Amino acid sequence: MAKKLHPTPNLDQLESGPWPSFVTGLKRLAADKDYVVDLLGHLEHSYQTRKGYWKGGTVGVIGYGGGVIPRFTEIKDETGKPVFPDAAEFHTIRIMPAPGMHYDTGTLRKFCDIWEKYGTGLIAMHGQSGDVMFQGATTENVQPAFDAINEMGFDLGGAGPSVRTSMSCVGAARCEQSCYDEAKAMRQVVNAFLDDLHRPALPYKFKFKFSGCPNDCMNSIQRSDMAVIGTWRDNMRTDEALAKKWFAKHGMNELVNDVVSRCPTKAMQIKETGKVRHDANISSVMLDANQALEIDNKDCVRCMHCINVMTGALATGTDKGCTILIGGKRTLKIGDLMGTVVVPFMPLQKDEDYRNLVDLAQKIIDFFAENALEHERTGEMIERIGLVNFLEGIELDIDINMVSQPRTNPYVRMDGWDDEVAKINARKAAA
Amino acid sequence: MAQAHMRRAIESGVPDHKPYLHPKLLKNYGNWKYHDRPRPGVLHHVSHSSDEVWTVRAGTQRQMDVHTIRKLCDIADQFAEGHVRFTIRSNIEFMVSTEAQVAPLVAALEKNGFPVGGTGNSVSMISHTQGWLHCDIPGTDASGVVKALMDELYDEFRREEMPNRVHISTSCCEINCGGQADIAIIMQHTKPPVINHDLVANACERPTVVARCPVAAIRPALVNGKPSLEVDEKKCICCGACYPPCPPMQINDPEHSKLAIWVGGKNANARGKPTFMKMVTSGLPNNAPRWPEVAAVVKNILHVYKGDARPWERLSDWIERIGWPRFFEKTGLPFTKYLIDDWRGARANLNASTHIRF
């Protein structure tokens, strides 16, 4: 039995209502732990005064420079003593889960046993960077808790100016839209940078994220410095049985309104079956005895909409790989940035393809480490130096797919034009 | 004891996911053909070898006590097959091999207070951050805001009645850890930082703080004979960027730190290109413990969107069709001068055409 609960009139109001309540969970923990009794008191104080009261510090595990988020209370009495002494230290340990966040129950139960022993018993599944967050341990208990988790085969996540914990979608494990082995790519890339992940020494954070298709379930385009998004180069596949089943259920109005007219590049047409074009770039599928859907793959931008609506009837192609976009992040300091294309297509099928991905990541990290200013993210660095300089630095050729349109501003020095044309012609001739 | 403390970490990195996969997922890895949704909260995937797997998705509070996790494990062992995974929005998923297992699993989850839903065109769980519970710079709470809002959106989580999926996020400061979303709730400070000059010299690396300011409003100064920093309050945009590197520059204010609502963020490439969200209102009070003013605005936007958007239109697609004037008209939100962008690239957000809907 733990000590008596502090009054928590604000938090108590978060116990009612149908959604699962974290307050009820904390109170269950507080039944046995003085630590959580004081944590509830600490949080209630924030609710009453509408302010936060944790400050950072330096807490870590042997051999690593980051991955533990230290928190010390700032709620102190006039003598400088913590008002909630049992929760005076409330550190979080970030742990990297397996790609796709899969678990067996035995693993989760072991996590619980370890955290009940060494910490508060509060675990967040998962943080915004994709870590399991073991929330709340004293400075003294951080090392033994980490040791126990580490012995299970799990390693510390990233924090500070380092390569960060990554995320990949469920992907190939359970999604027909997967265009590469997301988990394999994530492990190969992230595990190639463990030194940069565990020992923060970069100008600022660097995030990789891996989405298996352009639906980008990992939000990689705006949440990562290097987004690896699955795509394909060949024609979309079709399945007549599933297409007929879909059409019989949904009918012509839904086909027109929800599928054909929502294609952003008007790549689809409904045709009488006899009038479907047959050339190398056309995918088509019968909808019933008279109607067919025709897709001109040269016009398709792989947005995924029709595939999302008619799952299986329409599907990604088989010449699969990824598009790589660099530089996504939120506002500070130059405004929001989406990642932008630096590799329109990189095949990801053979082992050597995955090695190429790691090699590119290495070049980008090296260039970032050498050239970014302190606290400057990759996207901001590219904004400062220009995309072309960045591409030269990482040894990638320019490609028209990197822009939405050519330059609109004539203020540029262009006396190297003829040389560039000659280079491009030479490349064309060699190909 | 001393020896135990000398243990070196095993630098194992990201673990292999294969040992944790449900056997059906492992067997059909990379070989799935299509999926459908038999009911809200349930996915049914079929592989090219005609294997089938059903997934039941349920909401959690994300910040879970070990008793909650053990309860979920008990349900997974008794009603599913001992394998679970979590989604990016902190939903838990249970995989089962037969359709017959679905209904008992759904019943067990709901009986134990875990709502089944969050699939397809529902309002899924709110993506959120740490807030007062653990963050060192929060303007508000995270888990509490989400609990209060999800209580209100409970039915929309369990149904698939929205035009398309709705992703909501909350963030306790403008760093916006919650991320881009169809609807985002983000702290918006309205007053410059209050500086404790006694602490700046010891707590802050002053050049770093000066460099952090996006509008160059901070400069070194000697205050009461001590090295400190001062803020040009006319220039200051109250973003709070100076606060993390310099905690004595307190930006959070119980009264003047407000909540803003943003709409139309989309990460998917489906239909249009990905979009950033746009601020549509601000000035909402940081009214713990249930933030009723925020909930009212969010519910109103959802209500109007639900009634007006066509199937498959995300919030951003819907606004693109009806136009921003009608968005503000239909939601009744005031369009103020503060919603006209004046940041870098702002001209791209002005109407350089005569395209106007009358």
# chains A, B, ... in the order shown; residues from 1 in each chain; ligands from 1
$ interface_residues --of "chain A" --to "chain B" --cutoff "6 Å" --atoms "only C-alpha atoms" --output "JSON, numbers by chain"
{"A": [10, 17, 18, 19, 20, 22, 25, 43, 50, 52, 54, 55, 96, 98, 99, 101, 102, 103, 104, 105, 112, 121, 122, 123, 124, 125, 155, 172, 173, 174, 176, 187, 191, 214, 215, 216, 219, 264, 303, 304, 305, 311, 312, 333]}
$ select_by_dssp --residues "region 56-117 of chain A" --states "strand (DSSP E or B)" --output "number ranges by chain"
A: 68-69, 72-73, 76, 82, 89, 91-95, 102-104
$ atom_distance --atom1 "CA of Val341 (chain A)" --atom2 "CA of Met402 (chain A)"
4.9 Å
$ closest_residue --among "A:Arg330, A:Leu348, A:Ile424, A:Pro82" --to "Ser171 (chain B)" --atoms "only C-alpha atoms"
A:Arg330
$ atom_distance --atom1 "CA of Leu255 (chain A)" --atom2 "CA of Asn235 (chain A)"
20.4 Å
$ residues_around --residues "Pro334 (chain B)" --least-positions-apart "6" --cutoff "12 Å" --atoms "only C-alpha atoms" --output "list in words"
Met279, Val280, Thr281, Ser282, Gly283, Val297, Trp324, Pro325, Arg326, Phe327 and Phe328 of chain B
$ select_by_dssp --residues "region 183-310 of chain B" --states "helix (DSSP H, G or I)" --output "number ranges by chain"
B: 197-203, 206-212, 292-308
$ atom_distance --atom1 "CA of Lys27 (chain A)" --atom2 "CA of Glu116 (chain A)"
14.1 Å
$ closest_residue --among "A:Asp113, A:Leu337, A:Gly119, A:Thr92" --to "Val132 (chain A)" --atoms "only C-alpha atoms"
A:Thr92
$ residues_around --residues "region 75-79 of chain A" --least-positions-apart "3" --cutoff "12 Å" --atoms "only C-alpha atoms" --output "list in words"
Asp38, Leu39, Gly41, His42, Leu43, Glu44, His45, Ser46, Thr49, Lys51, Gly52, Tyr53, Trp54, Lys55, Phe72, Pro82, Val83, Phe84, Pro85, Ala87, Ala88 and Glu89 of chain A
$ write_last_selection --atoms "N, CA and C atoms" --output "PDB file, in the first residue's frame"
ATOM      1  N   ASP A  38       2.862  10.921  -5.858  1.00  0.00           N
ATOM      2  CA  ASP A  38       3.438  12.264  -6.012  1.00  0.00           C
ATOM      3  C   ASP A  38       3.395  12.742  -7.462  1.00  0.00           C
ATOM      4  N   LEU A  39       3.499  11.817  -8.412  1.00  0.00           N
ATOM      5  CA  LEU A  39       3.381  12.205  -9.822  1.00  0.00           C
ATOM      6  C   LEU A  39       1.992  12.798 -10.095  1.00  0.00           C
ATOM      7  N   GLY A  41       0.101  14.235  -7.893  1.00  0.00           N
ATOM      8  CA  GLY A  41       0.082  15.547  -7.238  1.00  0.00           C
ATOM      9  C   GLY A  41       0.771  16.599  -8.089  1.00  0.00           C
ATOM     10  N   HIS A  42       1.896  16.202  -8.685  1.00  0.00           N
ATOM     11  CA  HIS A  42       2.682  17.093  -9.553  1.00  0.00           C
ATOM     12  C   HIS A  42       1.851  17.532 -10.757  1.00  0.00           C
ATOM     13  N   LEU A  43       1.182  16.568 -11.385  1.00  0.00           N
ATOM     14  CA  LEU A  43       0.382  16.868 -12.575  1.00  0.00           C
ATOM     15  C   LEU A  43      -0.832  17.724 -12.208  1.00  0.00           C
ATOM     16  N   GLU A  44      -1.449  17.420 -11.080  1.00  0.00           N
ATOM     17  CA  GLU A  44      -2.597  18.227 -10.636  1.00  0.00           C
ATOM     18  C   GLU A  44      -2.178  19.682 -10.423  1.00  0.00           C
ATOM     19  N   HIS A  45      -0.964  19.863  -9.896  1.00  0.00           N
ATOM     20  CA  HIS A  45      -0.461  21.229  -9.694  1.00  0.00           C
ATOM     21  C   HIS A  45      -0.367  21.965 -11.039  1.00  0.00           C
ATOM     22  N   SER A  46       0.075  21.266 -12.077  1.00  0.00           N
ATOM     23  CA  SER A  46       0.092  21.867 -13.415  1.00  0.00           C
ATOM     24  C   SER A  46      -1.321  22.221 -13.880  1.00  0.00           C
ATOM     25  N   THR A  49      -2.415  25.385 -11.995  1.00  0.00           N
ATOM     26  CA  THR A  49      -1.702  26.640 -12.293  1.00  0.00           C
ATOM     27  C   THR A  49      -1.491  26.851 -13.791  1.00  0.00           C
ATOM     28  N   LYS A  51       0.666  25.444 -15.857  1.00  0.00           N
ATOM     29  CA  LYS A  51       2.079  25.558 -16.230  1.00  0.00           C
ATOM     30  C   LYS A  51       2.773  24.207 -16.065  1.00  0.00           C
ATOM     31  N   GLY A  52       3.869  24.032 -16.793  1.00  0.00           N
ATOM     32  CA  GLY A  52       4.671  22.820 -16.645  1.00  0.00           C
ATOM     33  C   GLY A  52       5.779  23.032 -15.631  1.00  0.00           C
ATOM     34  N   TYR A  53       6.211  21.965 -14.970  1.00  0.00           N
ATOM     35  CA  TYR A  53       7.218  22.105 -13.907  1.00  0.00           C
ATOM     36  C   TYR A  53       8.320  21.062 -13.981  1.00  0.00           C
ATOM     37  N   TRP A  54       8.735  20.687 -15.187  1.00  0.00           N
ATOM     38  CA  TRP A  54       9.870  19.773 -15.300  1.00  0.00           C
ATOM     39  C   TRP A  54      11.017  20.497 -15.965  1.00  0.00           C
ATOM     40  N   LYS A  55      12.205  20.295 -15.466  1.00  0.00           N
ATOM     41  CA  LYS A  55      13.367  20.826 -16.181  1.00  0.00           C
ATOM     42  C   LYS A  55      14.292  19.678 -16.574  1.00  0.00           C
ATOM     43  N   PHE A  72      13.600  16.774 -13.857  1.00  0.00           N
ATOM     44  CA  PHE A  72      13.686  17.055 -12.421  1.00  0.00           C
ATOM     45  C   PHE A  72      12.591  18.048 -12.076  1.00  0.00           C
ATOM     46  N   PRO A  82      11.746  19.628  -2.772  1.00  0.00           N
ATOM     47  CA  PRO A  82      10.628  19.267  -3.661  1.00  0.00           C
ATOM     48  C   PRO A  82       9.330  19.077  -2.869  1.00  0.00           C
ATOM     49  N   VAL A  83       8.268  19.636  -3.397  1.00  0.00           N
ATOM     50  CA  VAL A  83       6.956  19.492  -2.764  1.00  0.00           C
ATOM     51  C   VAL A  83       6.427  18.070  -2.959  1.00  0.00           C
ATOM     52  N   PHE A  84       6.846  17.462  -4.085  1.00  0.00           N
ATOM     53  CA  PHE A  84       6.449  16.072  -4.362  1.00  0.00           C
ATOM     54  C   PHE A  84       7.723  15.223  -4.438  1.00  0.00           C
ATOM     55  N   PRO A  85       8.319  14.927  -3.268  1.00  0.00           N
ATOM     56  CA  PRO A  85       9.671  14.361  -3.238  1.00  0.00           C
ATOM     57  C   PRO A  85       9.784  13.005  -3.929  1.00  0.00           C
ATOM     58  N   ALA A  87       8.410  12.072  -6.544  1.00  0.00           N
ATOM     59  CA  ALA A  87       8.423  12.223  -8.004  1.00  0.00           C
ATOM     60  C   ALA A  87       9.391  13.339  -8.417  1.00  0.00           C
ATOM     61  N   ALA A  88      10.419  13.555  -7.593  1.00  0.00           N
ATOM     62  CA  ALA A  88      11.357  14.651  -7.885  1.00  0.00           C
ATOM     63  C   ALA A  88      12.183  14.371  -9.135  1.00  0.00           C
ATOM     64  N   GLU A  89      12.384  13.092  -9.427  1.00  0.00           N
ATOM     65  CA  GLU A  89      13.081  12.698 -10.671  1.00  0.00           C
ATOM     66  C   GLU A  89      12.100  11.855 -11.481  1.00  0.00           C
TER      67      GLU A  89
END
$ residues_around --residues "region 226-236 of chain B" --least-positions-apart "2" --cutoff "6 Å" --atoms "only C-alpha atoms" --output "list in words"
His197, Val200, Ala201, Ala217, Ile218, Arg219, Pro220, Ala221, Leu222, Val223, Asn224 and Cys238 of chain B
$ write_last_selection --atoms "C-alpha atoms" --output "short mmCIF file (atom, residue, chain, number, x, y, z; two decimals), in the first residue's frame"
data_model
loop_
_atom_site.label_atom_id
_atom_site.label_comp_id
_atom_site.auth_asym_id
_atom_site.auth_seq_id
_atom_site.Cartn_x
_atom_site.Cartn_y
_atom_site.Cartn_z
CA HIS B 197 17.37 38.02 -15.28
CA VAL B 200 19.98 33.80 -17.46
CA ALA B 201 23.74 34.04 -17.04
CA ALA B 217 14.37 40.12 -31.50
CA ILE B 218 16.79 38.94 -28.78
CA ARG B 219 20.04 40.66 -27.90
CA PRO B 220 22.56 40.36 -25.06
CA ALA B 221 22.15 42.97 -22.32
CA LEU B 222 23.40 43.81 -18.86
CA VAL B 223 20.44 43.88 -16.47
CA ASN B 224 20.97 44.92 -12.85
CA CYS B 238 5.86 35.04 -29.17
#
$ closest_residue --among "A:Gly274, A:Gly379, A:Gly321, A:Pro406" --to "Glu294 (chain A)" --atoms "only C-alpha atoms"
A:Gly274
